[in-house]
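Comments concern the structure below.
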Amino acid sequence: MHVTPTPNGALLVNDPPNDLRYDVGNRRLFATLDGAGNISLFRLPEGIAILNDWQNTARLDGVPVRWHEAEAIGRSWTLRGTALDVRISLRTACDADTPALVQVWTVENTGQSERIFTLSLDVTFDLLQPAIQIGQSATNAQLHGLVRDNPVIRRVLGARRWRVLNRISETQKRMKPVSRRAVVDIEALSDGIRARGDSSATLRAGAPPAGWQAHANGGTLHYRAVLNPGDTYRLPVIVAAGDSANPVRYRHTLTNADAYAGWLASTFESDDALLRSLYVASLNVALSMYKELPSGFSGLWAGPNYAYPPRIYFRDGYWTALVILPYHPEWVREHLLVLAAGVHADGTCPSGVIDLTVLPFEDQDHAAAADWLPDHQDSPAFFVLLLYEYIAWTGDTSLLHEHTPDGRTMWECAQACLNRLIANPAKSRAPNDWADNVLRSEWVTYDLALLYGALDAAADLARHTGERDTAATYAQDRHHVGTLIQIHGWDEGKGHYIDYRRTGEAEGQAFVEDHLALDSLLALLFGAASEEQSHQMMAAAREQLQTRHNTGQPHGDWGIMCCWPPYSLRADLFAKSAQPYNYHNGAEWPYLSAVYAQLLMEHGDPDWSYALTRWWQIQLDNGWLTPVEYHSPAHPPGAFLQGWSGMAVSAMLVGGLGLRPALNGAITLRVPPWGESTFHNLIVRGKKRTVIVSGDAVKLG
């Protein structure tokens with residue numbers, strides 16, 4: 001197998017193995033396709049799995065088809081192969097907003113003999129509606145709040161309290177379905193199958209099957225075609241949730257997928273095929289995260305592995321939204337409005353917000369019913385930061401005055417978030433920020449840097465809307481937080497910010513994790529570091545986190561580690577992060593590598609290319625065709641089609657081009673380090689814009 005980026009941003013795979021995968025998504029589905037033409041996953045974003053299995057077996061005169069290449073771009077996956085002297089292609093695609101997948105077989109007899117094409121399609125449906133156990137979500141939220149806040153329980157549990165809180169959070173995280181329905185009813189149609197379980201689905205083809213056999217929860221359909229020399233046979237097959245499958249409309253789906261692929265390819269034009277494929281794949285993965293449910297719940301999902309219960313995140317959504325803002329700002333607006341349901345009156349915010357309709361009716365009125373993992377330290381700052389970014393990109397200050405269901409405005413929600421963080425800037429010893437397998441506390445550089453950035457953004461927003469006293473207050477608070485970062489975070493001897501410092505005054509023994517963590521670069525991103533500190537941090541990251549320079553790690557050149565050396569206090573680690581080079585403990589996270597690349601570009605450092613593209617080349621070498629959550633040579637990769645892993649797009653626009661509007665709409669562009677290129681389809685302050693880089697000039701048209 002070899003993966004080659006093509007000039008238009010698509011990925012071409014030679015000799016694709018059967019277990020190769022390509023993940024796609026639209027507003028109403030997530031799907032995974034493999035190198036043999038099968039559909040290994042088809043799930044609605046509300047958690048309903050449509051398929052349990054989908055297996056193709058195609059032959060010409062009894063000879064199996066051999067797939068020679070595959071092509072992936074956007075919502076389209078094409079396999080091309082041969083059998084005898086016959087050419088075969090199989091294209092799988094979906095449109096923008098229909099819960100349906102189309103497969104189209106095209107068989108061309110290029111030889112001189114008659115050939116018989118046979119296809120067996122074995123399908124098993126799932127259609128089981130998951131459901132939260134009654135009382136579980138609300139009970140966990142109540143129990144978490146009691147253990148966190150009750151002074152008697154705090155005193156009795158002492159340092160053990162974090163273990164109890166973590167167990168409660170993990171219990172909510174592992175919500176189990178209620179008992180499942182065992183049998184799907186199968187109905188034969190003249191051109192396919194209709195299946196009914198807790199939900200329904202339909203499979204239809206462009207021709208009646210030559211025969212079919214029913215089996216438990218599905219059936220096997222057989223197709224047969226005789227091809228004379230020069231003949232072409234085409235068979236469309238569509239599988240869809242509900243009764244919407246219509247094989248006659250397969251051309252509409254292909255046309256829609258083609259238009260999307262063309263749009264993606266045109267967003268960034270460059271002679272650098274690797275960079276262009278990175279841009280296309282990163283933009284596609286972020287756009288694939290926007291979902292709209294029948295319940296009305298909508299926003300930016302994290303990825304297929306984080307889909308049930310249906311939820312959106314403060315943290316993941318922020319980084320994903322930075323990619324989407326220049327193309328679909330209306331999606332980010334919707335995401336923010338839904339996310340506001342998770343901002344409590346005291347400013348505490350969970351990790352994410354659940355679609356309440358999946359909960360039992362009696363749980364939906366609980367104050368914390370919408371919470372997904374309560375009270376995350378970084379969530380309030382991310383809410384404020386995203387509100388700022390949306391208004392800067394769009395000029396739409398009306399969002400500040402939109403009301404949440406409980407009557408608060410979005411600006412009041414943002415101020416509540418800041419009040420919570422200003423009152424409690426020190427993080428408790430709990431897994432409640434990005435590194436949620438590490439019990440970081442109490443002065444965490446990452447969390448303080450986010451608060452610094454959020455206060456800076458809020459001060460700017462207040463000035464922009466004429467609230468001078470509020471702006472001055474937030475500016476003063478920002479200065480105070482900046483002082484905390486310098487006192488507790490900066491290590492002059494090491495020449496970088498430490499990860500976290502536990503003084504022992506709040507809980508646990510005093511301890512300092514003084515390694516270099518990539519997320520500490522947020523102090524640079526949000527302007528909390530001096531120029532000299534920035535230079536020292538960049539030098540430290542180059543030597544310690546770029547694996548090509550770090551000979552202390554044993555795996556060679558594989559990208560940017562998220563920390564080095566691995567965490568030193570075993571008692572602060574659990575689950576995957578307890579293993580060196582895994583998860584938060586040294587794996588590469590593309591979103592963080594993109595933040596690093598952005599800073600390198602802003603500082604004119606030639607290492608930008610390595611930070612931006614090395615992880616992508618590693619993925620292609622491994623046959624991972626959509627951005628993954630994280631990766632490491634020592635452990636399996638994280639989730640595929642992960643939204644925030646598309647951050648390379650934002651890094652290129654902001655760090656490379658300087659395309660980041662101020663609140664007053666001002667933009668100062670610069671020539672990017674990759675040279676001549678064109679960006680189409682951008683939407684800035686409500687207008688469609690194009691950026692052309694030619695020679696030493698950059699023009700916003």
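Identifiers in this document derive from the order of the structure tokens: chains are assigned A, B, ..., residues are numbered from 1 separately in each chain, and ligands are numbered from 1 in order of occurrence.
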
What lies within 7 Å of Arg87 (chain A) using only C-alpha atoms, ignoring chain neighbours under 2 positions off, as JSON, numbers by chain?
{"A": [81, 82, 83, 85, 89, 107, 108, 109]}

So which residues touch Trp443 (chain A) within 10 Å, counting only C-alpha atoms, skipping near sequence neighbours fewer than 2 positions away, as a list of chain:residue names?
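Non-adjacent residues within range: A:Pro425, A:Ala426, A:Lys427, A:Ser428, A:Arg440, A:Ser441, A:Thr445, A:Tyr446, A:Asp447, A:Leu448, A:Leu484, A:Ile485, A:Ile487, A:His488, A:Gly489, A:Ile498, A:Asp499, A:Tyr500, A:Arg501, A:Arg502, A:Thr503, A:Val512.
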
Could you turn the residues from that selection into a file that holds C-alpha atoms, as a PDB file, in the first residue's frame?
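Everything below was put into part.pdb:
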```
ATOM      1  CA  PRO A 425      -8.166  30.138  39.200  1.00  0.00           C
ATOM      2  CA  ALA A 426      -6.462  27.187  40.896  1.00  0.00           C
ATOM      3  CA  LYS A 427      -7.507  23.809  39.511  1.00  0.00           C
ATOM      4  CA  SER A 428      -8.660  21.073  41.875  1.00  0.00           C
ATOM      5  CA  ARG A 440      -3.080  18.160  37.387  1.00  0.00           C
ATOM      6  CA  SER A 441      -3.400  20.768  40.141  1.00  0.00           C
ATOM      7  CA  THR A 445      -0.029  26.685  33.031  1.00  0.00           C
ATOM      8  CA  TYR A 446      -2.525  25.542  30.372  1.00  0.00           C
ATOM      9  CA  ASP A 447      -5.586  26.555  32.413  1.00  0.00           C
ATOM     10  CA  LEU A 448      -4.101  29.859  33.542  1.00  0.00           C
ATOM     11  CA  LEU A 484       0.196  34.061  38.605  1.00  0.00           C
ATOM     12  CA  ILE A 485       1.506  32.471  35.400  1.00  0.00           C
ATOM     13  CA  ILE A 487       5.083  33.114  39.656  1.00  0.00           C
ATOM     14  CA  HIS A 488       3.873  29.543  39.389  1.00  0.00           C
ATOM     15  CA  GLY A 489       4.591  28.620  35.783  1.00  0.00           C
ATOM     16  CA  ILE A 498       6.324  24.029  33.737  1.00  0.00           C
ATOM     17  CA  ASP A 499       3.206  21.885  33.412  1.00  0.00           C
ATOM     18  CA  TYR A 500       1.722  22.322  36.903  1.00  0.00           C
ATOM     19  CA  ARG A 501       2.656  23.222  40.454  1.00  0.00           C
ATOM     20  CA  ARG A 502       0.929  21.836  43.549  1.00  0.00           C
ATOM     21  CA  THR A 503       1.805  23.942  46.585  1.00  0.00           C
ATOM     22  CA  VAL A 512       5.986  20.270  40.665  1.00  0.00           C
TER      23      VAL A 512
END
```

Using only C-alpha atoms, determine which residues lie at most 7 Å from region 45-61 of chain A, disregarding the query and same-chain residues fewer than 3 positions distant; provide the list as a VMD selection string.
chain A and resid 28 to 30 37 to 42 64 to 65 83 115 to 130 201 241 291 293 307 to 310

Of the residues A:Ala216, A:Leu157, A:Ala539, A:Met1, which is the one nearest to Pro16 (chain A), using only C-alpha atoms?
A:Met1

Run DSSP on the backbone of this structure and report the residues of region 172-391 of chain A it assigns to helix (DSSP H, G or I), as an MDAnalysis selection string.
chainID A and resid 172:173 247:267 273:287 304:306 315:324 329:342 356:358 361:363 379:391

I need the residue nearest Ala259 (chain A) from this list: A:Ala207, A:Cys562, A:Leu451, A:Ala93. Use only C-alpha atoms for the distance.
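Selected residue with least distance to Ala259 (chain A): A:Ala93.
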
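Closest to Val104 (chain A) among A:Arg234, A:His401, A:Arg163, A:Arg194 is A:Arg234, based on only C-alpha atoms.
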
Between CA of Ala454 (chain A) and CA of Tyr313 (chain A), distance in Å (one decimal):
17.2 Å

Please identify all polymer residues within 10 Å of Ala540 (chain A), counting only C-alpha atoms, omitting same-chain residues fewer than 6 positions from it, and present them as an mmCIF file with C-alpha atoms, in the first residue's frame.
```
data_model
loop_
_atom_site.group_PDB
_atom_site.id
_atom_site.type_symbol
_atom_site.label_atom_id
_atom_site.label_comp_id
_atom_site.auth_asym_id
_atom_site.auth_seq_id
_atom_site.Cartn_x
_atom_site.Cartn_y
_atom_site.Cartn_z
ATOM 1 C CA LYS A 494 14.751 25.287 32.414
ATOM 2 C CA GLY A 495 13.847 28.101 30.067
ATOM 3 C CA HIS A 496 10.193 27.119 29.732
ATOM 4 C CA TYR A 497 6.870 27.049 31.539
ATOM 5 C CA LEU A 516 7.665 20.717 29.045
ATOM 6 C CA SER A 534 8.631 32.987 23.816
ATOM 7 C CA GLN A 546 10.287 17.538 18.111
#
```

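Considering only C-alpha atoms, the residue among A:Phe297, A:Tyr474, A:Tyr581, A:Trp490 positioned nearest to Gln533 (chain A) is A:Trp490.
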
Find, counting only C-alpha atoms, the residue in A:Asn582, A:Gln619, A:Asn26, A:Thr232 that gets nearest to Pro636 (chain A).
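Between A:Asn582, A:Gln619, A:Asn26, A:Thr232, the residue approaching Pro636 (chain A) most closely is A:Asn582.
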
Residues of region 343-461 of chain A classed as strand (DSSP E) by DSSP on the backbone are to be reported as JSON, numbers by chain.
{"A": [352, 353, 354, 371, 372, 443, 444]}

With only C-alpha atoms as the atoms that count, which of A:Gly686, A:Gly453, A:Gly303, A:Gly623 lies nearest to Gly638 (chain A)?
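Between A:Gly686, A:Gly453, A:Gly303, A:Gly623, the residue approaching Gly638 (chain A) most closely is A:Gly303.
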
Report, in Å with one decimal, the straight-line distance from CA of Asp271 (chain A) to CA of Val649 (chain A).
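Separation between CA of Asp271 (chain A) and CA of Val649 (chain A): 16.7 Å.
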
Within 12 Å of Ser645 (chain A), counting only C-alpha atoms, which residues qualify if same-chain residues fewer than 5 places away don't, as an MDAnalysis selection string?
chainID A and resid 278:279 281:289 302:303 316:323 588:595 612 615:616 626:631 638:640 650:651

Emit the selected residues as a short mmCIF file (atom, residue, chain, number, x, y, z; two decimals), in the first residue's frame, including N, CA and C atoms.
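And here's again-v5.cif as it stands now:
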```cif
data_model
loop_
_atom_site.label_atom_id
_atom_site.label_comp_id
_atom_site.auth_asym_id
_atom_site.auth_seq_id
_atom_site.Cartn_x
_atom_site.Cartn_y
_atom_site.Cartn_z
N LEU A 278 -3.41 18.05 3.12
CA LEU A 278 -3.61 18.31 4.54
C LEU A 278 -4.73 19.31 4.75
N TYR A 279 -4.74 20.37 3.96
CA TYR A 279 -5.77 21.40 4.09
C TYR A 279 -7.15 20.82 3.79
N ALA A 281 -8.16 17.61 3.81
CA ALA A 281 -8.59 16.63 4.80
C ALA A 281 -8.95 17.29 6.12
N SER A 282 -8.20 18.31 6.52
CA SER A 282 -8.45 18.98 7.79
C SER A 282 -9.75 19.77 7.75
N LEU A 283 -10.00 20.48 6.66
CA LEU A 283 -11.25 21.22 6.54
C LEU A 283 -12.43 20.26 6.49
N ASN A 284 -12.28 19.17 5.75
CA ASN A 284 -13.37 18.20 5.64
C ASN A 284 -13.70 17.58 7.00
N VAL A 285 -12.68 17.24 7.79
CA VAL A 285 -12.96 16.59 9.07
C VAL A 285 -13.69 17.54 10.01
N ALA A 286 -13.35 18.83 9.97
CA ALA A 286 -14.05 19.78 10.82
C ALA A 286 -15.49 19.98 10.36
N LEU A 287 -15.70 20.15 9.06
CA LEU A 287 -17.05 20.35 8.53
C LEU A 287 -17.93 19.13 8.77
N SER A 288 -17.33 17.96 8.82
CA SER A 288 -18.09 16.72 9.04
C SER A 288 -18.67 16.64 10.44
N MET A 289 -18.24 17.52 11.34
CA MET A 289 -18.68 17.46 12.73
C MET A 289 -19.99 18.18 12.99
N ALA A 302 -17.58 15.92 18.44
CA ALA A 302 -16.13 15.71 18.53
C ALA A 302 -15.66 14.71 17.48
N GLY A 303 -16.46 13.66 17.25
CA GLY A 303 -16.10 12.62 16.29
C GLY A 303 -17.00 11.42 16.48
N ASP A 316 -13.29 20.68 22.67
CA ASP A 316 -13.15 20.18 21.30
C ASP A 316 -13.83 21.12 20.31
N GLY A 317 -15.01 21.60 20.70
CA GLY A 317 -15.77 22.47 19.81
C GLY A 317 -15.06 23.77 19.52
N TYR A 318 -14.31 24.30 20.50
CA TYR A 318 -13.59 25.55 20.26
C TYR A 318 -12.59 25.40 19.13
N TRP A 319 -11.74 24.37 19.20
CA TRP A 319 -10.71 24.19 18.18
C TRP A 319 -11.33 23.85 16.82
N THR A 320 -12.38 23.03 16.83
CA THR A 320 -13.07 22.71 15.58
C THR A 320 -13.71 23.95 14.97
N ALA A 321 -14.29 24.79 15.82
CA ALA A 321 -14.97 26.00 15.34
C ALA A 321 -13.99 26.97 14.70
N LEU A 322 -12.75 27.02 15.17
CA LEU A 322 -11.77 27.91 14.55
C LEU A 322 -11.55 27.56 13.09
N VAL A 323 -11.68 26.28 12.76
CA VAL A 323 -11.55 25.83 11.37
C VAL A 323 -12.78 26.22 10.57
N GLU A 588 1.38 12.28 20.05
CA GLU A 588 1.19 13.49 19.25
C GLU A 588 -0.30 13.73 19.04
N TRP A 589 -0.72 14.97 19.27
CA TRP A 589 -2.10 15.41 19.06
C TRP A 589 -2.08 16.44 17.94
N PRO A 590 -2.67 16.15 16.79
CA PRO A 590 -2.59 17.08 15.66
C PRO A 590 -3.08 18.49 15.97
N TYR A 591 -4.08 18.62 16.86
CA TYR A 591 -4.57 19.98 17.13
C TYR A 591 -3.50 20.79 17.86
N LEU A 592 -2.79 20.16 18.78
CA LEU A 592 -1.73 20.87 19.49
C LEU A 592 -0.53 21.13 18.59
N SER A 593 -0.23 20.18 17.71
CA SER A 593 0.85 20.40 16.75
C SER A 593 0.54 21.58 15.84
N ALA A 594 -0.74 21.75 15.51
CA ALA A 594 -1.15 22.88 14.67
C ALA A 594 -0.99 24.20 15.42
N VAL A 595 -1.33 24.21 16.72
CA VAL A 595 -1.12 25.42 17.52
C VAL A 595 0.37 25.77 17.53
N LEU A 612 3.61 21.34 11.22
CA LEU A 612 2.31 21.33 10.55
C LEU A 612 2.04 20.04 9.80
N TRP A 615 3.01 15.05 11.19
CA TRP A 615 2.00 14.10 11.67
C TRP A 615 1.14 13.59 10.52
N TRP A 616 0.86 14.45 9.55
CA TRP A 616 0.02 14.06 8.42
C TRP A 616 0.75 13.05 7.54
N THR A 626 -8.03 9.93 7.33
CA THR A 626 -8.67 11.09 7.94
C THR A 626 -7.92 11.42 9.23
N PRO A 627 -7.83 12.70 9.60
CA PRO A 627 -7.07 13.06 10.80
C PRO A 627 -7.54 12.32 12.04
N VAL A 628 -6.58 11.70 12.74
CA VAL A 628 -6.90 10.95 13.95
C VAL A 628 -6.76 11.85 15.17
N GLU A 629 -7.28 11.36 16.28
CA GLU A 629 -7.27 12.12 17.53
C GLU A 629 -5.84 12.31 18.05
N TYR A 630 -5.07 11.24 18.09
CA TYR A 630 -3.68 11.28 18.55
C TYR A 630 -3.00 10.03 18.01
N HIS A 631 -1.66 10.02 18.05
CA HIS A 631 -0.94 8.82 17.60
C HIS A 631 0.41 8.75 18.27
N GLY A 638 -5.57 7.01 18.19
CA GLY A 638 -6.86 7.37 18.76
C GLY A 638 -7.96 7.33 17.71
N ALA A 639 -9.05 8.01 18.01
CA ALA A 639 -10.24 7.95 17.17
C ALA A 639 -10.00 8.59 15.81
N PHE A 640 -10.64 8.04 14.78
CA PHE A 640 -10.54 8.57 13.43
C PHE A 640 -11.62 9.63 13.20
N SER A 650 -6.84 26.36 10.49
CA SER A 650 -6.78 27.61 11.23
C SER A 650 -5.34 28.09 11.40
N ALA A 651 -4.43 27.15 11.66
CA ALA A 651 -3.03 27.52 11.81
C ALA A 651 -2.49 28.18 10.55
#
```

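CA of Asp95 (chain A) sits 7.2 Å away from CA of Arg75 (chain A).
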
Find the residues around Asn14 (chain A) up to 10 Å (only C-alpha atoms counted), leave out those fewer than 6 positions away in its own chain, and share them as a ChimeraX atom specification.
/A:1-4,67-71,80

I'd like the neighbourhood of Gly296 (chain A) as JSON, numbers by chain, where a residue qualifies if any of its atoms comes within 10 Å (using only C-alpha atoms), though same-chain residues fewer than 5 positions away should be ignored.
{"A": [291, 338, 355, 357]}
